[in-house]
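File shown: model_39.cif. Contents: mmCIF, C-alpha atoms and all ligand atoms.
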```
data_data
#
loop_
_atom_site.label_atom_id
_atom_site.label_comp_id
_atom_site.auth_asym_id
_atom_site.auth_seq_id
_atom_site.Cartn_x
_atom_site.Cartn_y
_atom_site.Cartn_z
CA MET J 1 99.02 133.82 101.21
CA ILE J 2 98.01 130.88 103.39
CA ASP J 3 99.57 130.79 106.83
CA ASP J 4 100.46 127.06 107.41
CA THR J 5 101.20 127.65 111.07
CA ARG J 6 97.66 128.70 111.89
CA ALA J 7 96.40 127.13 115.12
CA GLY J 8 99.81 125.48 115.53
CA LEU J 9 99.25 123.34 112.40
CA THR J 10 102.21 122.97 110.07
CA ARG J 11 102.07 121.62 106.51
CA ARG J 12 104.29 118.64 107.60
CA ALA J 13 101.90 117.76 110.43
CA VAL J 14 98.95 117.74 108.01
CA LEU J 15 100.75 115.45 105.57
CA GLU J 16 101.90 113.03 108.28
CA THR J 17 98.43 112.82 109.77
CA GLY J 18 96.94 112.15 106.31
CA ALA J 19 99.43 109.36 105.61
CA ALA J 20 98.81 107.69 108.96
CA THR J 21 95.04 107.88 108.44
CA GLY J 22 95.37 106.37 104.97
CA PHE J 23 97.50 103.50 106.29
CA PHE J 24 94.91 102.82 109.02
CA LEU J 25 92.03 102.80 106.51
CA VAL J 26 93.82 100.36 104.20
CA THR J 27 95.29 97.99 106.77
CA GLY J 28 93.30 98.50 109.94
CA LEU J 29 96.61 98.77 111.77
CA PRO J 30 97.99 101.76 113.58
CA ALA J 31 100.65 103.67 111.68
CA SER J 32 103.31 102.41 114.07
CA SER J 33 102.75 98.89 112.56
CA GLN J 34 103.75 100.07 109.06
CA PRO J 35 106.75 97.97 107.89
CA GLN J 36 109.94 99.95 107.86
CA PRO J 37 112.31 99.67 104.88
CA ALA J 38 115.19 97.27 105.56
CA ALA J 39 118.52 98.87 106.14
CA ALA J 40 120.56 98.92 102.95
CA VAL J 41 123.05 96.04 102.81
CA PRO J 42 126.27 96.88 100.97
CA PRO J 43 126.76 94.61 97.90
CA ALA J 44 129.15 91.72 98.43
CA ALA J 45 132.49 92.09 96.72
CA PRO J 46 132.57 89.95 93.54
CA ALA J 47 134.39 86.66 94.03
CA ALA J 48 137.72 86.43 92.24
CA ILE J 49 137.38 84.44 88.99
CA GLU J 50 139.51 81.33 88.96
CA THR J 51 141.05 80.73 85.58
CA VAL J 52 142.36 77.45 84.21
CA PRO J 53 145.30 76.96 81.85
CA LEU J 54 144.30 75.52 78.52
CA THR J 55 145.99 74.52 75.29
CA LEU J 56 143.87 74.53 72.15
CA ARG J 57 144.91 73.19 68.77
CA ILE J 58 143.53 75.62 66.21
CA ASN J 59 144.42 75.75 62.53
CA ASN J 60 147.41 73.44 63.13
CA ARG J 61 148.81 75.70 65.85
CA ASP J 62 148.84 75.33 69.61
CA PHE J 63 147.44 78.27 71.58
CA THR J 64 147.90 78.37 75.36
CA VAL J 65 145.61 80.59 77.40
CA ASP J 66 144.35 81.06 80.96
CA LEU J 67 140.59 81.15 80.85
CA ASP J 68 137.55 81.46 83.03
CA PRO J 69 136.21 77.91 82.51
CA ARG J 70 132.81 79.38 81.58
CA THR J 71 134.22 80.98 78.43
CA THR J 72 132.72 79.79 75.16
CA LEU J 73 134.90 78.64 72.31
CA LEU J 74 133.68 81.60 70.25
CA ASP J 75 134.63 84.16 72.91
CA THR J 76 137.99 82.46 73.28
CA PHE J 77 138.71 82.85 69.57
CA ARG J 78 137.60 86.43 69.46
CA ASN J 79 138.61 87.85 72.85
CA SER J 80 141.70 85.85 73.80
CA LEU J 81 143.31 84.60 70.60
CA GLY J 82 142.75 87.37 68.06
CA LEU J 83 140.87 85.00 65.75
CA THR J 84 137.99 87.27 64.85
CA GLY J 85 136.94 85.53 61.64
CA SER J 86 134.23 83.55 63.44
CA LYS J 87 131.36 85.93 64.03
CA LYS J 88 128.91 86.37 66.88
CA GLY J 89 125.42 86.85 65.51
CA CYS J 90 123.01 85.60 68.14
CA ASP J 91 125.27 83.94 70.76
CA HIS J 92 122.73 81.18 71.31
CA GLY J 93 122.85 78.74 68.45
CA GLN J 94 120.33 80.23 66.07
CA CYS J 95 122.24 81.93 63.27
CA GLY J 96 125.31 79.83 62.46
CA ALA J 97 127.65 82.83 62.12
CA CYS J 98 130.04 81.22 64.62
CA THR J 99 130.28 77.83 62.86
CA VAL J 100 133.71 76.18 62.95
CA LEU J 101 134.97 72.64 62.40
CA VAL J 102 135.97 70.46 65.34
CA ASN J 103 137.57 67.19 64.31
CA GLY J 104 136.04 67.78 60.89
CA ARG J 105 132.48 68.28 62.13
CA ARG J 106 130.70 71.61 62.10
CA ILE J 107 129.56 73.06 65.40
CA ASN J 108 128.27 76.36 66.73
CA SER J 109 131.21 77.70 68.70
CA CYS J 110 128.93 79.95 70.78
CA LEU J 111 127.28 76.86 72.29
CA THR J 112 130.34 75.07 73.57
CA LEU J 113 132.92 75.82 76.23
CA ALA J 114 136.57 76.14 75.31
CA VAL J 115 137.60 73.82 78.15
CA MET J 116 135.75 70.99 76.40
CA HIS J 117 138.08 71.09 73.42
CA GLU J 118 141.57 70.42 74.67
CA GLY J 119 143.02 67.80 72.33
CA ASP J 120 140.56 68.52 69.50
CA GLU J 121 141.56 69.67 66.01
CA ILE J 122 139.76 72.96 65.52
CA THR J 123 139.52 74.74 62.18
CA THR J 124 138.24 78.28 61.88
CA ILE J 125 137.77 80.30 58.71
CA GLU J 126 141.36 81.56 59.15
CA GLY J 127 142.64 77.98 58.77
CA LEU J 128 140.90 76.91 55.56
CA ALA J 129 143.19 78.56 53.03
CA THR J 130 146.84 77.71 52.56
CA GLU J 131 149.39 80.50 52.28
CA ASP J 132 149.09 80.41 48.50
CA GLU J 133 145.57 79.31 47.80
CA LEU J 134 142.03 79.83 48.96
CA HIS J 135 139.99 76.80 49.98
CA PRO J 136 137.78 75.79 47.01
CA MET J 137 134.70 76.80 49.00
CA GLN J 138 136.14 80.28 49.64
CA ALA J 139 136.99 80.63 45.93
CA ALA J 140 133.48 79.50 44.94
CA PHE J 141 131.81 82.03 47.27
CA ILE J 142 133.82 84.76 45.58
CA ALA J 143 133.16 83.44 42.08
CA LYS J 144 129.42 83.15 42.69
CA ASP J 145 129.05 86.33 44.76
CA GLY J 146 127.81 84.28 47.70
CA PHE J 147 127.67 87.21 50.12
CA GLN J 148 126.75 90.84 50.51
CA CYS J 149 127.76 92.30 53.89
CA GLY J 150 129.84 89.18 54.60
CA TYR J 151 128.94 88.84 58.28
CA CYS J 152 127.50 85.34 57.93
CA THR J 153 130.09 84.23 55.38
CA PRO J 154 132.78 82.65 57.61
CA GLY J 155 130.10 80.52 59.23
CA GLN J 156 128.50 79.68 55.87
CA ILE J 157 131.82 78.56 54.42
CA CYS J 158 132.86 76.45 57.44
CA SER J 159 129.39 74.95 57.55
CA ALA J 160 129.45 74.14 53.83
CA VAL J 161 132.83 72.41 54.15
CA GLY J 162 131.55 70.28 57.02
CA MET J 163 128.27 69.63 55.24
CA LEU J 164 129.93 68.25 52.09
CA GLN J 165 131.81 65.80 54.27
CA GLU J 166 128.60 64.73 56.02
CA ALA J 167 126.86 64.08 52.69
CA ALA J 168 129.87 62.20 51.34
CA THR J 169 129.97 59.92 54.36
CA GLY J 170 126.31 58.98 54.29
CA TRP J 171 124.55 61.36 56.68
CA PRO J 172 120.99 61.78 55.43
CA SER J 173 119.02 65.00 55.74
CA HIS J 174 115.30 65.63 56.22
CA VAL J 175 114.82 65.82 52.45
CA SER J 176 116.86 62.73 51.52
CA GLU J 177 114.68 60.27 49.64
CA ASP J 178 116.65 57.18 50.66
CA ILE J 179 118.04 57.65 54.14
CA ALA J 180 119.90 54.33 53.88
CA ALA J 181 121.99 55.53 50.92
CA GLU J 182 125.75 55.46 51.41
CA THR J 183 126.32 58.87 49.88
CA PHE J 184 124.03 61.71 48.82
CA GLY J 185 124.02 63.76 45.65
CA LEU J 186 123.56 67.37 46.61
CA THR J 187 120.48 68.74 44.88
CA ASP J 188 119.59 72.35 45.62
CA ALA J 189 116.94 71.08 48.03
CA GLU J 190 119.56 69.01 49.86
CA ILE J 191 121.94 71.96 50.04
CA ARG J 192 119.24 74.29 51.35
CA GLU J 193 118.09 71.83 53.98
CA ARG J 194 121.59 70.93 55.12
CA MET J 195 122.58 74.61 55.33
CA SER J 196 119.39 75.67 57.09
CA GLY J 197 121.27 76.35 60.34
CA ASN J 198 123.13 79.22 58.68
CA ILE J 199 121.09 82.36 58.36
CA CYS J 200 121.97 85.17 55.93
CA ARG J 201 120.26 88.44 56.75
CA CYS J 202 121.26 89.80 53.34
CA ALA J 203 119.41 86.81 51.81
CA ALA J 204 122.26 85.87 49.49
CA TYR J 205 120.91 82.34 49.53
CA ALA J 206 120.64 81.77 45.77
CA ASN J 207 124.33 82.56 45.29
CA ILE J 208 125.38 80.63 48.40
CA VAL J 209 123.62 77.54 47.05
CA ALA J 210 125.24 78.08 43.64
CA ALA J 211 128.70 78.27 45.22
CA ILE J 212 128.19 75.11 47.23
CA ARG J 213 126.71 73.30 44.22
CA ASP J 214 129.82 74.18 42.17
CA VAL J 215 132.15 72.77 44.81
CA SER J 216 130.10 69.63 45.31
CA GLU J 217 129.97 68.97 41.56
CA GLU J 218 133.72 69.37 41.27
CA ALA J 219 134.20 67.05 44.22
S1 LIG Y 1 126.45 83.25 67.17
FE1 LIG Y 1 126.50 81.10 67.37
S2 LIG Y 1 124.73 80.42 66.34
FE2 LIG Y 1 124.57 82.59 66.29
S1 LIG Y 2 126.01 88.30 53.53
FE1 LIG Y 2 125.15 89.65 54.97
S2 LIG Y 2 124.32 88.33 56.45
FE2 LIG Y 2 124.93 87.01 54.87
#
```

Final structure tokens representation of the file:
Amino acid sequence: MIDDTRAGLTRRAVLETGAATGFFLVTGLPASSQPQPAAAVPPAAPAAIETVPLTLRINNRDFTVDLDPRTTLLDTFRNSLGLTGSKKGCDHGQCGACTVLVNGRRINSCLTLAVMHEGDEITTIEGLATEDELHPMQAAFIAKDGFQCGYCTPGQICSAVGMLQEAATGWPSHVSEDIAAETFGLTDAEIRERMSGNICRCAAYANIVAAIRDVSEEA
């Protein structure tokens, strides 16, 4: 067994001397110049979140909530109002699962703040059917099997409803042959292009297009 205290030399002394020598070789400074770690600063207490009162008109009902003004419309539906039909897929505008209608136009509810929508008419998937009857687009998705897991479906249906209105009122798409036309017949290519913001990970696209085509032909 090695006696570390030989000649008054302890293991700690050897290690400290080695470290000081290494520091000198690397920096050319005496060990006493080595920067000392800053004293730990206790984390600041989080600032209290100021909420704002807000009334939102959703599915023909007024909802009043107190919200952190940074809350998205999607999180407001899901976390504050119990409207969980709109889904969160990506939370940054890439999948379309959160699509709802605001004043008849489709938007990604994950990309907009709730405080921006006081006074707007908002329709979520929960507001499309009447008490007695499904919306024709909902019925067509069922008839054509336009879903598998169903996660994207509320967004697909809201998006399709908004899209039919856009085509009927003369909004061209990237595949429209005559962008000056007043209305657009919805070919499969038009439907696919206009619905390209709604991703389906189950790839139920053929049946989604069939459902939308049925509704557009009836319209
Ligand atoms: S959750 Fe909004 S676009 Fe994906
Ligand atoms: S049905 Fe599963 S993601 Fe579209």

> Which value, in Å to one decimal, gives the distance between atom FE1 of ligand LIG 1 (chain Y) and atom CA of Cys98 of chain J?
Replying inline: 4.5 Å

> Which polymer residues, protein or nucleic acid, are no farther than 8 Å from (129.2, 81.3, 69.7), counting all atoms listed in the file, as a ChimeraX atom specification?
Replying inline: /J:72-75,87-93,97-99,108-112

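Taking atom CA of Gly119 of chain J and atom CA of Val65 of chain J as the two end points, the separation is 14.0 Å.
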
>> Restricting the calculation to all atoms listed in the file: of J:Arg201, J:Lys144, J:His117, J:Arg213, which residue gets closest to ligand LIG 1 (chain Y)?
In response: J:Arg201

> If you count all atoms listed in the file, which residues end up within 10 Å of ligand LIG 2 (chain Y), as a VMD selection string?
Replying inline: chain J and resid 89 95 97 145 to 156 198 to 205 208

> With distances taken over only C-alpha atoms, which of J:Ala180, J:Met116, J:Ile157, J:Ala48 is nearest to Met195 of chain J?
Replying inline: J:Ile157

Determine, counting all atoms listed in the file, which protein, DNA and RNA residues have an atom within 9 Å of an atom of Ile191 of chain J; residues of the same chain fewer than 6 positions away are not included. Present the result as a PDB file with C-alpha atoms, in the coordinates of the input.
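Just written: out.pdb:
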```pdb
ATOM      1  CA  ALA J 160     129.450  74.140  53.830  1.00  0.00           C
ATOM      2  CA  MET J 163     128.270  69.630  55.240  1.00  0.00           C
ATOM      3  CA  VAL J 209     123.620  77.540  47.050  1.00  0.00           C
ATOM      4  CA  ILE J 212     128.190  75.110  47.230  1.00  0.00           C
ATOM      5  CA  ARG J 213     126.710  73.300  44.220  1.00  0.00           C
TER       6      ARG J 213
END
```

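Our summary of the geometry notes that atom CA of Ser80 of chain J is positioned 20.8 Å from atom CA of Gly96 of chain J.
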
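Residue nearest ligand LIG 1 (chain Y), chosen from J:Pro172, J:Gly197, J:Gly162, J:Pro53 and counting all atoms listed in the file: J:Gly197.
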
Work out where the centre of an axis-aligned box around every listed atom of segment 112-115 of chain J lies and how long its edges are once 5 Å is added on each side; give both in Å to one decimal as lines of an AutoDock Vina configuration file.
```
center_x = 134.0
center_y = 75.0
center_z = 75.9
size_x = 17.3
size_y = 12.3
size_z = 14.6
```

>> Neighbouring residues of Phe63 of chain J were defined as those with any atom within 12 Å, considering all atoms listed in the file; residues of the same chain fewer than 2 positions away were excluded. Please report them as a list in words.
In response: Pro53, Leu54, Thr55, Leu56, Arg57, Ile58, Asn59, Asn60, Arg61, Val65, Asp66, Leu67, Thr76, Phe77, Ser80, Leu81, Gly82, Leu83, Ala114, His117, Glu118, Gly119, Glu121 and Ile122 of chain J

> What lies within 7 Å of Ile49 of chain J using only C-alpha atoms, ignoring chain neighbours under 2 positions off, as a PyMOL selection string?
Replying inline: chain J and resi 47+51+68

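Nearest to ligand LIG 1 (chain Y) of all the residues J:Ser159, J:Phe184, J:Ala139, J:Ala168 is J:Ser159, based on only C-alpha atoms and all ligand atoms.
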
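Minimum distance to Val102 of chain J across J:Val161, J:Ala210, J:Met137, J:Ala181 (counting all atoms listed in the file) occurs at J:Val161.
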
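Using all atoms listed in the file for every distance, the candidate list J:Ile142, J:Ala189, J:Ile107, J:Ala129 yields J:Ile107 as the residue closest to ligand LIG 1 (chain Y).
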
For Glu190 of chain J, find every residue with an atom within 8 Å (counting only C-alpha atoms), except residues of its own chain fewer than 5 positions away, and show them as a JSON list (two decimals) with C-alpha atoms, keeping the file's coordinate frame.
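Result file is selection_11.json:
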```
[["chain", "number", "residue", "atom", "x", "y", "z"],
["J", 173, "SER", "CA", 119.02, 65.00, 55.74],
["J", 175, "VAL", "CA", 114.82, 65.82, 52.45],
["J", 176, "SER", "CA", 116.86, 62.73, 51.52]]
```

Can you pull out every residue within 6 Å of Thr124 of chain J, counting all atoms listed in the file, but drop anything in the same chain fewer than 2 positions away, and send it as a short mmCIF file (atom, residue, chain, number, x, y, z; two decimals) with C-alpha atoms, in the coordinates of the input?
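out.cif written:
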```
data_model
loop_
_atom_site.label_atom_id
_atom_site.label_comp_id
_atom_site.auth_asym_id
_atom_site.auth_seq_id
_atom_site.Cartn_x
_atom_site.Cartn_y
_atom_site.Cartn_z
CA VAL J 100 133.71 76.18 62.95
CA GLU J 126 141.36 81.56 59.15
CA GLY J 127 142.64 77.98 58.77
#
```
